[in-house]
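K.L.:
There's a structure below that I have some questions on.
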Amino acid sequence: MGWLALDDTDHLGGGCTTYTLFELIQNLPDEYTASEFRLVRLYPFARQRTRGNAAVAVKIDGDNYEVLLSFLDLWWNENILPLKGMLTQSDDYHRKQSPTDPGMVWFEEQPNESTYWDCVTREVTLVELPAATKSWGGHGKIGATAAIAWPSREYTFEAISWRTKKSVEKSSDRKVDLVRLAEIDEDPNTFMSRDLRSNSVLISPRGNCPVLFGLRAKTFESAKNGCEFLIESNNTESVEGYVVFQTNQATDDHLGDEMSSVVDSIEIKKRGTVKILCDNGDELMAFAESGDVKILAQWLKSGDEVQYNGMKNEDNTIHLERLQVLSAAPEKHRPKCSECDSTLKSMGKDQLLRCPKCRKRFADQWINVERIPPFSKWVQPPKDSMRHLSKPITW
Ligand SMILES: [Zn+2]
């Protein structure tokens, strides 16, 4: 038994690591069997990350691996190596793209899980990797090794189906039975299929990629059954095949413990993005796309105690993935005049209050008014802006 994994074969213009693995497994010599397919998402801020930032792995059983390794050599040279150096720049994609640098690894024994935890929480370089039994290629070896090192104690599933070569070439619009998808969405074991608020379908990628859809679920059965139900419909285009992957999606593996602090001040920036400065020195970012997180962040005032989680970016700001108010500082008002009901005004620092209308004087005092946050519990970004790794707060 051993593990095969690959990464970094896709770019904006096409390609897809899941399909590259699917094709390879379809052509595996007869004496080997593949099982336990894995799709592992990695450090969201990795500099050379690919579009989906996911690596794939699979367990392979067989008697001896000589035939397998020569098959892999050949397959690598003919089918994967040619994907190296692909680069598509896109104006509406704001991140600088790196050329693809595929990597493939074969491990007879699973490497220590520490490699996975490193690769999901920080930037990792090639020299840090444990030695594979055999490896091919470049940068992609990092994600590939992480996918095998993943301990998979907490996991979900994603059933991925691929379009036929003809549909990919024509780059026609994807056709998936949305009536059936709505039925599948009723199964509480599936998740992230649709966003009813924005009325968007979340299972199909955009652009020129061989994936027709990826159906996410908490159980293997729900992913498999839902996927087959969609594929068997006349209103879904024909597919090359499908595979149910075990994945680290919706596990929060990339996040540390919850943090809390008191708000010092907030700055509202372009498009409503909020920067929150905290007493403990943390700088939190609630981005325009983050929905309820942004709304709650805009409401905050100095003195509010908040709890939060997110990842620290290169500029040291923490990109919020969830936020809640633990206690809200009260709003302070001056009392009203007992004679004429006008709001009193201070006559100066440490001086009495005076009614602007009847001129009556009062002791210096404040009235505390409770502020009620727009959300009383945790909030997180809407489904279509959440990271694949993020666990829904409703779980
Ligand atoms: Zn008065």
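Residue numbering restarts at 1 in every chain; chains get A, B, ... in the order shown in the structure tokens, and ligands count up from 1 in that same order.
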At a cut-off of 10 Å and counting only C-alpha atoms and all ligand atoms, what residues surround ligand 1? Please answer as a PyMOL selection string.
P.N.:
chain A and resi 336-344+354-361
K.L.:
Write out, as an mmCIF file, in the first residue's frame, the residues just selected, with N, CA and C atoms.
P.N.:
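Below is the file selection_2.cif, written as the result:
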```cif
data_model
loop_
_atom_site.group_PDB
_atom_site.id
_atom_site.type_symbol
_atom_site.label_atom_id
_atom_site.label_comp_id
_atom_site.auth_asym_id
_atom_site.auth_seq_id
_atom_site.Cartn_x
_atom_site.Cartn_y
_atom_site.Cartn_z
ATOM 1 N N LYS A 336 -32.086 65.200 30.301
ATOM 2 C CA LYS A 336 -32.940 66.303 29.840
ATOM 3 C C LYS A 336 -33.297 67.206 31.006
ATOM 4 N N CYS A 337 -33.631 68.410 30.672
ATOM 5 C CA CYS A 337 -33.991 69.407 31.681
ATOM 6 C C CYS A 337 -35.329 69.023 32.326
ATOM 7 N N SER A 338 -35.384 69.065 33.681
ATOM 8 C CA SER A 338 -36.598 68.643 34.384
ATOM 9 C C SER A 338 -37.725 69.659 34.187
ATOM 10 N N GLU A 339 -37.383 70.872 33.789
ATOM 11 C CA GLU A 339 -38.400 71.919 33.612
ATOM 12 C C GLU A 339 -38.988 71.915 32.204
ATOM 13 N N CYS A 340 -38.100 71.878 31.186
ATOM 14 C CA CYS A 340 -38.601 72.088 29.820
ATOM 15 C C CYS A 340 -38.231 70.969 28.840
ATOM 16 N N ASP A 341 -37.574 69.910 29.324
ATOM 17 C CA ASP A 341 -37.317 68.716 28.514
ATOM 18 C C ASP A 341 -36.292 68.910 27.395
ATOM 19 N N SER A 342 -35.550 70.010 27.419
ATOM 20 C CA SER A 342 -34.469 70.164 26.442
ATOM 21 C C SER A 342 -33.255 69.368 26.929
ATOM 22 N N THR A 343 -32.421 68.929 25.997
ATOM 23 C CA THR A 343 -31.221 68.187 26.381
ATOM 24 C C THR A 343 -30.183 69.150 26.940
ATOM 25 N N LEU A 344 -29.667 68.804 28.119
ATOM 26 C CA LEU A 344 -28.722 69.697 28.798
ATOM 27 C C LEU A 344 -27.387 69.713 28.085
ATOM 28 N N ARG A 354 -26.063 72.905 31.801
ATOM 29 C CA ARG A 354 -27.033 73.995 31.771
ATOM 30 C C ARG A 354 -28.060 73.719 30.686
ATOM 31 N N CYS A 355 -29.314 74.116 30.957
ATOM 32 C CA CYS A 355 -30.351 73.956 29.941
ATOM 33 C C CYS A 355 -30.211 75.085 28.933
ATOM 34 N N PRO A 356 -30.112 74.745 27.643
ATOM 35 C CA PRO A 356 -29.917 75.795 26.631
ATOM 36 C C PRO A 356 -31.152 76.703 26.504
ATOM 37 N N LYS A 357 -32.337 76.224 27.007
ATOM 38 C CA LYS A 357 -33.568 76.999 26.821
ATOM 39 C C LYS A 357 -33.892 77.847 28.051
ATOM 40 N N CYS A 358 -34.035 77.173 29.229
ATOM 41 C CA CYS A 358 -34.455 77.921 30.417
ATOM 42 C C CYS A 358 -33.276 78.298 31.320
ATOM 43 N N ARG A 359 -32.078 77.928 30.938
ATOM 44 C CA ARG A 359 -30.840 78.305 31.615
ATOM 45 C C ARG A 359 -30.688 77.677 32.997
ATOM 46 N N LYS A 360 -31.580 76.779 33.406
ATOM 47 C CA LYS A 360 -31.455 76.135 34.710
ATOM 48 C C LYS A 360 -30.189 75.277 34.727
ATOM 49 N N ARG A 361 -29.530 75.190 35.900
ATOM 50 C CA ARG A 361 -28.282 74.428 36.007
ATOM 51 C C ARG A 361 -28.478 73.121 36.748
#
```
K.L.:
Report as a PyMOL selection string: the residues of region 220-349 of chain A with a DSSP assignment of helix (DSSP H, G or I), based on the backbone of this structure.
P.N.:
chain A and resi 220-231+270-272+288-290+292-299
K.L.:
So how many Å separate CA of Thr247 (chain A) and CA of Trp150 (chain A), to one decimal?
P.N.:
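Value for the CA of Thr247 (chain A)-CA of Trp150 (chain A) distance: 9.4 Å.
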K.L.:
Between CA of Glu321 (chain A) and CA of Ala55 (chain A), what is the spacing in Å?
P.N.:
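Answer for the CA of Ala55 (chain A) to CA of Glu321 (chain A) separation: 22.5 Å.
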K.L.:
Could you name the residues that touch region 189-202 of chain A at 6 Å or less, counting only C-alpha atoms, but leaving out those on the same chain fewer than 6 positions away, as a list of chain:residue names?
P.N.:
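Selected residues are A:Arg216, A:Ala217, A:Lys218.
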K.L.:
Would you kindly return, as a PyMOL selection string, each protein, DNA or RNA residue with an atom no farther than 7 Å from any atom of Leu284 (chain A), considering only C-alpha atoms and excluding same-chain residues fewer than 3 positions away?
P.N.:
chain A and resi 275-277+317-320
K.L.:
Can you tell me which residues surround region 17-23 of chain A at a distance of at most 8 Å, considering only C-alpha atoms, apart from same-chain residues fewer than 6 positions away, and format the answer as a PyMOL selection string?
P.N.:
chain A and resi 6-10+39+54-56+80+162+210-211+243
K.L.:
Go ahead and write the selection's residues with N, CA and C atoms as a PDB file, in the first residue's frame.
P.N.:
```pdb
ATOM      1  N   LEU A   6      -0.820  14.741  -6.038  1.00  0.00           N
ATOM      2  CA  LEU A   6      -0.303  15.775  -6.932  1.00  0.00           C
ATOM      3  C   LEU A   6      -0.957  17.124  -6.678  1.00  0.00           C
ATOM      4  N   ASP A   7      -0.265  18.150  -7.166  1.00  0.00           N
ATOM      5  CA  ASP A   7      -0.752  19.514  -6.957  1.00  0.00           C
ATOM      6  C   ASP A   7      -0.121  20.449  -7.995  1.00  0.00           C
ATOM      7  N   ASP A   8      -0.729  21.613  -8.109  1.00  0.00           N
ATOM      8  CA  ASP A   8      -0.235  22.706  -8.940  1.00  0.00           C
ATOM      9  C   ASP A   8      -0.221  22.359 -10.432  1.00  0.00           C
ATOM     10  N   THR A   9      -1.333  21.869 -10.919  1.00  0.00           N
ATOM     11  CA  THR A   9      -1.437  21.599 -12.357  1.00  0.00           C
ATOM     12  C   THR A   9      -2.470  22.507 -13.020  1.00  0.00           C
ATOM     13  N   ASP A  10      -3.167  23.335 -12.242  1.00  0.00           N
ATOM     14  CA  ASP A  10      -4.236  24.149 -12.846  1.00  0.00           C
ATOM     15  C   ASP A  10      -3.861  25.622 -12.865  1.00  0.00           C
ATOM     16  N   LEU A  39      -9.135  15.378  -1.161  1.00  0.00           N
ATOM     17  CA  LEU A  39      -9.007  16.733  -1.705  1.00  0.00           C
ATOM     18  C   LEU A  39      -8.687  17.622  -0.506  1.00  0.00           C
ATOM     19  N   ALA A  54      -5.963  23.612  -3.808  1.00  0.00           N
ATOM     20  CA  ALA A  54      -6.224  22.278  -3.270  1.00  0.00           C
ATOM     21  C   ALA A  54      -5.269  21.282  -3.902  1.00  0.00           C
ATOM     22  N   ALA A  55      -4.850  20.312  -3.109  1.00  0.00           N
ATOM     23  CA  ALA A  55      -4.040  19.203  -3.609  1.00  0.00           C
ATOM     24  C   ALA A  55      -4.888  17.937  -3.514  1.00  0.00           C
ATOM     25  N   VAL A  56      -4.539  16.926  -4.305  1.00  0.00           N
ATOM     26  CA  VAL A  56      -5.302  15.677  -4.288  1.00  0.00           C
ATOM     27  C   VAL A  56      -4.377  14.497  -4.003  1.00  0.00           C
ATOM     28  N   ILE A  80       1.595  15.108 -17.374  1.00  0.00           N
ATOM     29  CA  ILE A  80       1.590  16.135 -16.322  1.00  0.00           C
ATOM     30  C   ILE A  80       2.679  17.182 -16.554  1.00  0.00           C
ATOM     31  N   TRP A 162     -16.833  15.481 -13.758  1.00  0.00           N
ATOM     32  CA  TRP A 162     -16.121  16.233 -14.794  1.00  0.00           C
ATOM     33  C   TRP A 162     -16.881  16.195 -16.115  1.00  0.00           C
ATOM     34  N   PRO A 210     -12.506  21.669 -16.219  1.00  0.00           N
ATOM     35  CA  PRO A 210     -13.252  20.441 -16.529  1.00  0.00           C
ATOM     36  C   PRO A 210     -14.303  20.041 -15.496  1.00  0.00           C
ATOM     37  N   VAL A 211     -14.303  20.681 -14.314  1.00  0.00           N
ATOM     38  CA  VAL A 211     -15.278  20.296 -13.295  1.00  0.00           C
ATOM     39  C   VAL A 211     -16.682  20.732 -13.719  1.00  0.00           C
ATOM     40  N   VAL A 243     -15.950  11.233  -8.764  1.00  0.00           N
ATOM     41  CA  VAL A 243     -15.250  10.613  -7.635  1.00  0.00           C
ATOM     42  C   VAL A 243     -15.695  11.332  -6.368  1.00  0.00           C
TER      43      VAL A 243
END
```
